[in-house]
Amino acid sequence: MALPEGRRLTHLVLRLLAAAGLAVDAAVHARLADQYDAVGDSITQGTLFRAEAAAASLAVVLLILWRHRSGDLFAWAVAASGLGALLLYHYVDVGALGPLPNMYEPFWFGDKTLAARAEGTAVVALTVLLLGRRRRWF
């Protein structure tokens with residue numbers, strides 16, 4: 001069953017907002033990865049940044065080309081976990097966790113703020129998209 005025109009437009013806008021947020025997230029993490037290669041032993045923070053960039057890039061492709069609920073859920077998980085990790089390691093000195101390095105960084109800078117805003121935008125847009133579908137808000 002096809003969506004009414006207004007709902008299709010709302011879905012498109014939400015999907016594009018989420019994709020844009022995740023694209024910015026991917027770009028920031030890919031650009032910063034080299035600077036964090038020295039943080040950690042077996043798994044470096046640079047490696048984790050590259051993994052985030054790859055996951056966010058895949059999420060963008062799924063949001064734009066596949067347009068399926070499971071792709072939307074994957075994109076939400078990528079954005080939410082990225083934002084959660086960013087905020088956790090900003091406010092809490094967790095220390096090293098097994099093979100994961102200590103990524104505590106208690107200050108804000110341009111790229112970090114940009115990534116947080118982009119991930120937050122994606123989380124909000126995808127939450128509305130996912131819950132709106134289920135509850136027929138739009």
# chains A, B, ... in the order shown; residues from 1 in each chain; ligands from 1
>>> residues_around(residues="A:Ala116", least_positions_apart="6", cutoff="12 Å", atoms="only C-alpha atoms", output="PyMOL selection string")
chain A and resi 21-22+24-26+28-29+79-88+90+108-110+122-123
>>> closest_atom_pairs(of="stretch 20-89 of chain A", to="stretch 95-105 of chain A", cutoff="9 Å", atoms="only C-alpha atoms", output="CSV")
residue,atom,partner,partner_atom,distance
A:Val39,CA,A:Pro101,CA,6.4
A:Gly40,CA,A:Pro101,CA,4.5
A:Asp41,CA,A:Pro101,CA,7.2
A:Ser42,CA,A:Pro99,CA,6.4
A:Ile43,CA,A:Leu100,CA,6.0
A:Thr44,CA,A:Pro101,CA,6.3
A:Gln45,CA,A:Pro101,CA,6.5
A:Leu48,CA,A:Leu100,CA,8.8
A:Leu86,CA,A:Glu105,CA,9.0
A:Leu88,CA,A:Tyr104,CA,8.3
A:Tyr89,CA,A:Tyr104,CA,4.6
>>> atom_distance(atom1="atom CA of A:His68", atom2="atom CA of A:Leu126")
12.0 Å
>>> closest_residue(among="A:Arg67, A:Leu114, A:Ala33, A:Asp93", to="A:Arg8", atoms="only C-alpha atoms")
A:Arg67
>>> closest_residue(among="A:Ala59, A:Val92, A:Ala115, A:Ala30", to="A:Leu16", atoms="only C-alpha atoms")
A:Ala59
>>> select_by_dssp(residues="stretch 78-112 of chain A", states="helix (DSSP H, G or I)", output="ChimeraX atom specification")
/A:78-91,110-112
>>> write_last_selection(atoms="all heavy atoms", output="compact mmCIF listing (two decimals), in the first residue's frame")
# COMPACT_ATOMS: atom_id res chain seq x y z
N VAL A 78 23.59 2.96 14.77
CA VAL A 78 24.89 3.57 14.50
C VAL A 78 24.94 4.98 15.07
O VAL A 78 25.89 5.35 15.77
CB VAL A 78 25.19 3.59 12.98
CG1 VAL A 78 26.41 4.45 12.66
CG2 VAL A 78 25.39 2.17 12.46
N ALA A 79 23.92 5.78 14.79
CA ALA A 79 23.89 7.16 15.27
C ALA A 79 23.82 7.22 16.79
O ALA A 79 24.54 7.99 17.43
CB ALA A 79 22.71 7.91 14.65
N ALA A 80 22.95 6.41 17.39
CA ALA A 80 22.78 6.43 18.84
C ALA A 80 24.03 5.93 19.56
O ALA A 80 24.44 6.51 20.59
CB ALA A 80 21.57 5.60 19.24
N SER A 81 24.66 4.89 19.05
CA SER A 81 25.86 4.38 19.71
C SER A 81 27.02 5.35 19.55
O SER A 81 27.81 5.53 20.48
CB SER A 81 26.23 2.99 19.17
OG SER A 81 26.59 3.07 17.80
N GLY A 82 27.11 6.00 18.40
CA GLY A 82 28.16 7.01 18.21
C GLY A 82 27.98 8.18 19.15
O GLY A 82 28.94 8.63 19.80
N LEU A 83 26.75 8.68 19.25
CA LEU A 83 26.47 9.80 20.15
C LEU A 83 26.67 9.38 21.60
O LEU A 83 27.25 10.12 22.40
CB LEU A 83 25.05 10.32 19.93
CG LEU A 83 24.63 11.51 20.79
CD1 LEU A 83 25.54 12.70 20.56
CD2 LEU A 83 23.17 11.86 20.50
N GLY A 84 26.21 8.18 21.95
CA GLY A 84 26.38 7.69 23.31
C GLY A 84 27.85 7.57 23.69
O GLY A 84 28.25 7.98 24.79
N ALA A 85 28.66 7.02 22.80
CA ALA A 85 30.09 6.88 23.08
C ALA A 85 30.75 8.25 23.19
O ALA A 85 31.56 8.49 24.09
CB ALA A 85 30.77 6.06 21.99
N LEU A 86 30.40 9.16 22.31
CA LEU A 86 30.96 10.51 22.35
C LEU A 86 30.66 11.19 23.69
O LEU A 86 31.55 11.74 24.34
CB LEU A 86 30.42 11.34 21.19
CG LEU A 86 31.01 12.72 20.97
CD1 LEU A 86 30.96 13.08 19.50
CD2 LEU A 86 30.27 13.76 21.77
N LEU A 87 29.41 11.12 24.10
CA LEU A 87 29.03 11.76 25.37
C LEU A 87 29.62 11.04 26.57
O LEU A 87 30.08 11.69 27.52
CB LEU A 87 27.51 11.83 25.47
CG LEU A 87 26.82 12.75 24.46
CD1 LEU A 87 25.31 12.62 24.56
CD2 LEU A 87 27.26 14.19 24.64
N LEU A 88 29.63 9.72 26.55
CA LEU A 88 30.21 8.96 27.65
C LEU A 88 31.68 9.32 27.86
O LEU A 88 32.10 9.66 28.96
CB LEU A 88 30.09 7.45 27.40
CG LEU A 88 30.78 6.55 28.42
CD1 LEU A 88 30.10 6.65 29.78
CD2 LEU A 88 30.80 5.12 27.93
N TYR A 89 32.45 9.28 26.78
CA TYR A 89 33.88 9.54 26.89
C TYR A 89 34.20 11.02 27.05
O TYR A 89 35.33 11.37 27.36
CB TYR A 89 34.64 8.94 25.70
CG TYR A 89 34.77 7.44 25.82
CD1 TYR A 89 34.03 6.59 25.01
CD2 TYR A 89 35.64 6.89 26.75
CE1 TYR A 89 34.15 5.22 25.14
CE2 TYR A 89 35.77 5.52 26.88
CZ TYR A 89 35.02 4.69 26.07
OH TYR A 89 35.14 3.34 26.20
N HIS A 90 33.23 11.88 26.86
CA HIS A 90 33.43 13.29 27.16
C HIS A 90 33.26 13.56 28.65
O HIS A 90 34.02 14.32 29.24
CB HIS A 90 32.46 14.16 26.36
CG HIS A 90 32.54 15.61 26.72
ND1 HIS A 90 33.55 16.43 26.27
CD2 HIS A 90 31.78 16.38 27.53
CE1 HIS A 90 33.39 17.64 26.77
NE2 HIS A 90 32.31 17.63 27.54
N TYR A 91 32.24 12.93 29.24
CA TYR A 91 31.89 13.23 30.64
C TYR A 91 32.46 12.25 31.66
O TYR A 91 32.51 12.57 32.84
CB TYR A 91 30.37 13.30 30.78
CG TYR A 91 29.79 14.50 30.08
CD1 TYR A 91 29.05 14.37 28.92
CD2 TYR A 91 30.00 15.79 30.57
CE1 TYR A 91 28.52 15.47 28.26
CE2 TYR A 91 29.49 16.90 29.92
CZ TYR A 91 28.75 16.74 28.77
OH TYR A 91 28.24 17.83 28.12
N GLY A 110 35.71 21.81 17.52
CA GLY A 110 34.82 21.93 16.37
C GLY A 110 34.31 20.62 15.80
O GLY A 110 33.09 20.44 15.64
N ASP A 111 35.21 19.70 15.48
CA ASP A 111 34.78 18.43 14.87
C ASP A 111 33.97 17.57 15.84
O ASP A 111 33.04 16.88 15.43
CB ASP A 111 35.99 17.63 14.37
CG ASP A 111 36.51 18.15 13.03
OD1 ASP A 111 35.71 18.75 12.27
OD2 ASP A 111 37.70 17.96 12.74
N LYS A 112 34.31 17.63 17.11
CA LYS A 112 33.57 16.84 18.10
C LYS A 112 32.14 17.38 18.23
O LYS A 112 31.18 16.61 18.27
CB LYS A 112 34.29 16.89 19.45
CG LYS A 112 33.70 16.00 20.51
CD LYS A 112 34.58 16.06 21.75
CE LYS A 112 34.16 15.07 22.80
NZ LYS A 112 35.08 15.08 23.95
>>> residues_around(residues="A:Ala20", least_positions_apart="6", cutoff="9 Å", atoms="only C-alpha atoms", output="JSON, numbers by chain")
{"A": [60, 118, 121, 122]}
>>> atom_distance(atom1="atom CA of A:Ala77", atom2="atom CA of A:Arg117")
15.8 Å
>>> decode(residues="stretch 30-41 of chain A", atoms="N, CA, C and O atoms", output="short mmCIF file (atom, residue, chain, number, x, y, z; two decimals), in the first residue's frame")
data_model
loop_
_atom_site.label_atom_id
_atom_site.label_comp_id
_atom_site.auth_asym_id
_atom_site.auth_seq_id
_atom_site.Cartn_x
_atom_site.Cartn_y
_atom_site.Cartn_z
N ALA A 30 36.24 9.72 9.69
CA ALA A 30 37.27 9.34 8.72
C ALA A 30 38.41 10.35 8.70
O ALA A 30 39.59 9.98 8.64
N ARG A 31 38.07 11.63 8.80
CA ARG A 31 39.09 12.69 8.78
C ARG A 31 39.97 12.66 10.04
O ARG A 31 41.16 12.92 9.97
N LEU A 32 39.39 12.33 11.18
CA LEU A 32 40.14 12.36 12.44
C LEU A 32 40.87 11.05 12.76
O LEU A 32 41.72 11.03 13.66
N ALA A 33 40.57 9.98 12.07
CA ALA A 33 41.10 8.66 12.43
C ALA A 33 42.62 8.63 12.55
O ALA A 33 43.16 8.08 13.51
N ASP A 34 43.32 9.22 11.60
CA ASP A 34 44.79 9.20 11.63
C ASP A 34 45.36 9.84 12.90
O ASP A 34 46.39 9.40 13.41
N GLN A 35 44.69 10.87 13.39
CA GLN A 35 45.18 11.58 14.57
C GLN A 35 45.07 10.74 15.85
O GLN A 35 45.70 11.07 16.85
N TYR A 36 44.26 9.69 15.81
CA TYR A 36 44.02 8.88 17.00
C TYR A 36 44.61 7.46 16.90
O TYR A 36 44.32 6.61 17.71
N ASP A 37 45.46 7.24 15.90
CA ASP A 37 46.07 5.91 15.74
C ASP A 37 47.01 5.55 16.88
O ASP A 37 47.24 4.37 17.14
N ALA A 38 47.55 6.53 17.57
CA ALA A 38 48.48 6.25 18.66
C ALA A 38 47.79 5.94 19.98
O ALA A 38 48.43 5.52 20.94
N VAL A 39 46.46 6.12 20.03
CA VAL A 39 45.72 5.90 21.28
C VAL A 39 45.23 4.45 21.31
O VAL A 39 44.29 4.09 20.60
N GLY A 40 45.88 3.62 22.09
CA GLY A 40 45.49 2.22 22.22
C GLY A 40 46.60 1.29 21.76
O GLY A 40 47.58 1.71 21.15
N ASP A 41 46.41 0.01 22.07
CA ASP A 41 47.41 -1.00 21.71
C ASP A 41 46.92 -1.86 20.55
O ASP A 41 47.15 -1.56 19.40
#
